[in-house]
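Peer 1: So I've got this file, run.pdb, and it contains PDB, C-alpha atoms:
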```
MODEL        1
ATOM      1  CA  MET A 263      -6.042  -4.096  -2.271
ATOM      2  CA  THR A 264      -5.606  -7.821  -2.568
ATOM      3  CA  PHE A 265      -4.791  -9.595  -5.777
ATOM      4  CA  HIS A 266      -5.265 -13.296  -5.534
ATOM      5  CA  ALA A 267      -3.131 -14.335  -2.525
ATOM      6  CA  ARG A 268      -1.081 -11.135  -2.449
ATOM      7  CA  THR A 269      -1.866  -8.163  -0.306
ATOM      8  CA  PHE A 270      -1.178  -4.445  -0.700
ATOM      9  CA  CYS A 271      -1.565  -3.892   3.026
ATOM     10  CA  VAL A 272       1.679  -4.276   4.963
ATOM     11  CA  ARG A 273       2.225  -2.586   8.294
ATOM     12  CA  SER A 274       5.723  -1.301   9.056
ATOM     13  CA  ARG A 275       6.411  -3.763  11.878
ATOM     14  CA  GLU A 276       5.414  -6.619   9.622
ATOM     15  CA  ALA A 277       7.362  -5.314   6.655
ATOM     16  CA  ILE A 278      10.695  -5.191   8.455
ATOM     17  CA  ALA A 279      10.657  -8.912   9.261
ATOM     18  CA  ASN A 280       8.268 -10.134   6.566
ATOM     19  CA  GLY A 281       5.355 -10.727   8.940
ATOM     20  CA  TYR A 282       7.233 -11.484  12.137
ATOM     21  CA  ALA A 283       6.823  -9.131  15.099
ATOM     22  CA  LEU A 284       9.704  -6.675  14.961
ATOM     23  CA  ALA A 285       9.896  -2.917  15.369
ATOM     24  CA  ALA A 286      12.592  -0.397  14.611
ATOM     25  CA  VAL A 287      13.236   2.999  16.103
ATOM     26  CA  THR A 288      14.928   5.623  13.982
ATOM     27  CA  GLY A 289      15.846   9.218  14.537
ATOM     28  CA  ALA A 290      18.531  11.848  14.509
ATOM     29  CA  ASP A 291      22.011  11.001  15.801
ATOM     30  CA  TRP A 292      21.759  13.621  18.533
ATOM     31  CA  LEU A 293      18.890  11.653  20.108
ATOM     32  CA  ARG A 294      20.933   8.467  20.539
ATOM     33  CA  ARG A 295      22.446   9.447  23.869
ATOM     34  CA  ALA A 296      19.071  10.261  25.388
ATOM     35  CA  ALA A 297      17.548   7.085  23.971
ATOM     36  CA  SER A 298      20.377   4.982  25.409
ATOM     37  CA  GLN A 299      19.354   6.180  28.885
ATOM     38  CA  VAL A 300      15.862   4.673  28.578
ATOM     39  CA  PHE A 301      15.177   1.058  29.549
ATOM     40  CA  VAL A 302      13.003  -0.702  26.985
ATOM     41  CA  THR A 303      11.827  -4.292  26.973
ATOM     42  CA  GLY A 304       9.199  -6.376  25.267
ATOM     43  CA  SER A 305       7.751  -9.851  24.855
ATOM     44  CA  PHE A 306       9.883 -10.678  21.826
ATOM     45  CA  TRP A 307      12.978  -8.779  22.970
ATOM     46  CA  ALA A 308      15.338 -11.649  22.161
ATOM     47  CA  GLY A 309      13.332 -13.155  19.319
ATOM     48  CA  ALA A 310      15.926 -14.642  16.978
ATOM     49  CA  VAL A 311      13.380 -15.732  14.373
ATOM     50  CA  ALA A 312      12.167 -12.176  13.735
ATOM     51  CA  MET A 313      15.739 -10.897  13.523
ATOM     52  CA  ALA A 314      16.679 -13.624  11.022
ATOM     53  CA  ALA A 315      13.548 -12.836   9.005
ATOM     54  CA  ALA A 316      14.463  -9.144   9.017
ATOM     55  CA  VAL A 317      17.989  -9.833   7.776
ATOM     56  CA  ALA A 318      16.658 -12.069   4.993
ATOM     57  CA  THR A 319      13.989  -9.504   4.062
ATOM     58  CA  LEU A 320      16.493  -6.662   3.901
ATOM     59  CA  LYS A 321      18.792  -8.724   1.680
ATOM     60  CA  ILE A 322      15.924  -9.311  -0.762
ATOM     61  CA  VAL A 323      14.893  -5.652  -0.664
ATOM     62  CA  ARG A 324      18.440  -4.618  -1.550
ATOM     63  CA  ARG A 325      18.989  -7.376  -4.119
ATOM     64  CA  ASP A 326      15.745  -6.688  -5.978
ATOM     65  CA  ASP A 327      15.829  -2.894  -5.501
ATOM     66  CA  VAL A 328      12.311  -3.106  -4.096
ATOM     67  CA  PRO A 329      11.879   0.640  -3.415
ATOM     68  CA  THR A 330      12.523   1.524  -7.064
ATOM     69  CA  ARG A 331      10.296  -1.288  -8.329
ATOM     70  CA  LEU A 332       7.436  -0.322  -6.023
ATOM     71  CA  GLY A 333       7.787   3.294  -7.126
ATOM     72  CA  GLN A 334       7.407   2.237 -10.740
ATOM     73  CA  LEU A 335       4.446  -0.055 -10.032
ATOM     74  CA  GLY A 336       2.790   2.603  -7.908
ATOM     75  CA  GLN A 337       3.188   5.252 -10.590
ATOM     76  CA  THR A 338       1.736   2.888 -13.193
ATOM     77  CA  LEU A 339      -1.245   2.242 -10.925
ATOM     78  CA  ARG A 340      -1.750   5.919 -10.134
ATOM     79  CA  ASP A 341      -1.492   6.986 -13.794
ATOM     80  CA  GLY A 342      -3.861   4.228 -14.864
ATOM     81  CA  LEU A 343      -6.457   5.171 -12.259
ATOM     82  CA  GLU A 344      -6.277   8.821 -13.271
ATOM     83  CA  THR A 345      -6.717   8.009 -16.981
ATOM     84  CA  ARG A 346      -9.589   5.625 -16.371
ATOM     85  CA  SER A 347     -11.429   7.981 -14.018
ATOM     86  CA  HIS A 348     -11.347  10.704 -16.700
ATOM     87  CA  GLN A 349     -12.723   8.249 -19.274
ATOM     88  CA  PHE A 350     -15.834   7.991 -17.096
ATOM     89  CA  GLY A 351     -16.005  11.724 -16.374
ATOM     90  CA  LEU A 352     -15.087  11.258 -12.719
ATOM     91  CA  SER A 353     -12.836  13.404 -10.599
ATOM     92  CA  ILE A 354     -10.619  11.583  -8.113
ATOM     93  CA  ARG A 355      -7.919  12.624  -5.666
ATOM     94  CA  GLN A 356      -4.851  10.489  -5.143
ATOM     95  CA  SER A 357      -2.516  11.267  -2.292
ATOM     96  CA  GLY A 358       0.458   9.847  -0.486
ATOM     97  CA  PRO A 359       3.551   8.269  -1.960
ATOM     98  CA  VAL A 360       2.814   6.157  -5.021
ATOM     99  CA  GLN A 361       3.655   3.029  -2.995
ATOM    100  CA  MET A 362       0.947   3.971  -0.433
ATOM    101  CA  LEU A 363      -1.964   5.116  -2.554
ATOM    102  CA  THR A 364      -5.038   6.804  -1.132
ATOM    103  CA  LEU A 365      -7.834   7.205  -3.678
ATOM    104  CA  LEU A 366     -10.864   9.380  -2.937
ATOM    105  CA  PHE A 367     -13.680  10.687  -5.108
ATOM    106  CA  GLU A 368     -14.363  14.419  -5.285
ATOM    107  CA  GLY A 369     -17.696  15.370  -3.752
ATOM    108  CA  ASP A 370     -17.979  12.136  -1.763
ATOM    109  CA  PRO A 371     -18.090  13.137   1.934
ATOM    110  CA  ASP A 372     -19.949   9.976   2.973
ATOM    111  CA  TYR A 373     -17.738   7.681   0.828
ATOM    112  CA  ARG A 374     -20.779   6.422  -1.107
ATOM    113  CA  LYS A 375     -18.890   6.628  -4.410
ATOM    114  CA  GLY A 376     -15.772   5.138  -2.870
ATOM    115  CA  SER A 377     -17.728   2.235  -1.404
ATOM    116  CA  ALA A 378     -19.496   1.544  -4.722
ATOM    117  CA  PHE A 379     -16.145   1.674  -6.546
ATOM    118  CA  CYS A 380     -14.524  -0.728  -4.091
ATOM    119  CA  SER A 381     -17.486  -3.125  -4.129
ATOM    120  CA  ALA A 382     -17.381  -3.301  -7.925
ATOM    121  CA  MET A 383     -13.652  -3.969  -7.830
ATOM    122  CA  LEU A 384     -14.047  -6.623  -5.134
ATOM    123  CA  ALA A 385     -16.558  -8.434  -7.348
ATOM    124  CA  ARG A 386     -13.637  -8.803  -9.770
ATOM    125  CA  GLY A 387     -11.201 -10.050  -7.128
ATOM    126  CA  VAL A 388      -9.422  -6.788  -6.304
ATOM    127  CA  TYR A 389      -9.684  -5.194  -2.883
ATOM    128  CA  PHE A 390      -9.286  -1.422  -2.528
ATOM    129  CA  HIS A 391     -10.241   0.501   0.602
ATOM    130  CA  PRO A 392     -12.795   3.306   0.114
ATOM    131  CA  LYS A 393     -11.165   5.782   2.529
ATOM    132  CA  HIS A 394      -7.757   4.559   3.663
ATOM    133  CA  ASN A 395      -4.318   4.301   2.137
ATOM    134  CA  MET A 396      -3.236   1.033   0.552
ATOM    135  CA  PHE A 397       0.227  -0.420   0.317
ATOM    136  CA  LEU A 398       2.126  -2.081  -2.481
ATOM    137  CA  CYS A 399       4.542  -4.838  -1.512
ATOM    138  CA  ALA A 400       7.403  -6.732  -3.129
ATOM    139  CA  ALA A 401       5.077  -9.577  -4.147
ATOM    140  CA  HIS A 402       3.139  -7.357  -6.557
ATOM    141  CA  THR A 403       3.847  -7.560 -10.258
ATOM    142  CA  GLU A 404       2.984  -5.665 -13.397
ATOM    143  CA  ALA A 405       0.293  -8.284 -14.013
ATOM    144  CA  ASP A 406      -1.284  -7.480 -10.627
ATOM    145  CA  ILE A 407      -1.414  -3.794 -11.541
ATOM    146  CA  ALA A 408      -3.032  -4.674 -14.877
ATOM    147  CA  VAL A 409      -5.683  -6.750 -13.067
ATOM    148  CA  ALA A 410      -6.325  -3.848 -10.672
ATOM    149  CA  LEU A 411      -6.707  -1.369 -13.501
ATOM    150  CA  GLU A 412      -9.091  -3.652 -15.363
ATOM    151  CA  ALA A 413     -11.205  -3.982 -12.219
ATOM    152  CA  ALA A 414     -11.008  -0.191 -11.747
ATOM    153  CA  GLU A 415     -12.730   0.282 -15.105
ATOM    154  CA  HIS A 416     -15.709  -1.629 -13.732
ATOM    155  CA  GLY A 417     -15.520   0.364 -10.516
ATOM    156  CA  PHE A 418     -15.513   3.690 -12.328
ATOM    157  CA  ALA A 419     -18.385   2.558 -14.543
ATOM    158  CA  THR A 420     -20.371   1.697 -11.423
ATOM    159  CA  VAL A 421     -19.704   5.112  -9.871
ATOM    160  CA  ALA A 422     -20.570   6.913 -13.130
ATOM    161  CA  ALA A 423     -23.943   5.160 -13.136
ATOM    162  CA  LEU A 424     -24.867   6.398  -9.633
TER
ENDMDL
END
```
Turn this file's structure into structure tokens for me.

Peer 2:
Amino acid sequence: MTFHARTFCVRSREAIANGYALAAVTGADWLRRAASQVFVTGSFWAGAVAMAAAVATLKIVRRDDVPTRLGQLGQTLRDGLETRSHQFGLSIRQSGPVQMLTLLFEGDPDYRKGSAFCSAMLARGVYFHPKHNMFLCAAHTEADIAVALEAAEHGFATVAAL
């Protein structure tokens, strides 16, 4: 889902350092000892730029309470899609956390409805994926969600006409 120059699709390694190559390993405390016995290396092992980007990103995430904001935006998007789909007599399924929406149409095993919906939205400048989850990011605003929901009306109208 892309709105103007912003993207909903952010992979975890990119999110940690705002686009720079960086990965994180997490797990239970009891696994630390075993993990410390394993030698790991990589191409960017000592990459200071990615680490600096990660520190700056985490400061912004904390300062702006990004998880809470994305939860609110995601819920607004999910609620708006549900309401609009019902207005056109369509049954959709939404799954995943609200920040990582997956939207599928009932009775659409070949994704024909999903593809038509996404094509209609793309014609209005909003990119949704017809069969994969999509990600909100800190750059998204309430205005972006409003644009997406307006485009969704056209998408649902297109699917209803099939």

Peer 1: Name the residues that the PyMOL selection byres ((chain A and resi 313-328) around 7) pulls out of this structure, and write them as a PyMOL selection string.

Peer 2: chain A and resi 278-280+309-312+329-332+400

Peer 1: Interatomic distance between CA of Gln356 in chain A and CA of Thr403 in chain A?

Peer 2: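 CA of Thr403 in chain A lies at a distance of 20.7 Å from CA of Gln356 in chain A.
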
Peer 1: One decimal, Å: what's the distance from CA of Leu398 in chain A over to CA of Ala290 in chain A, could you say?

Peer 2: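 Rounded to one decimal, the two atoms are 27.4 Å apart.
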
Peer 1: Go through A:Val300, A:Leu284, A:Leu365, A:Val421 one by one, measure the shortest atom-to-atom distance of each to Phe390 in chain A using only C-alpha atoms, and give the residue with the smallest value.

Peer 2: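 When distances to Phe390 in chain A are compared using only C-alpha atoms, the smallest one comes from A:Leu365.
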
Peer 1: Could you check which of A:Ile354, A:Val360, A:Ala385, A:Ala410 is closest to Leu335 in chain A, using only C-alpha atoms?

Peer 2: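 When distances to Leu335 in chain A are compared using only C-alpha atoms, the smallest one comes from A:Val360.
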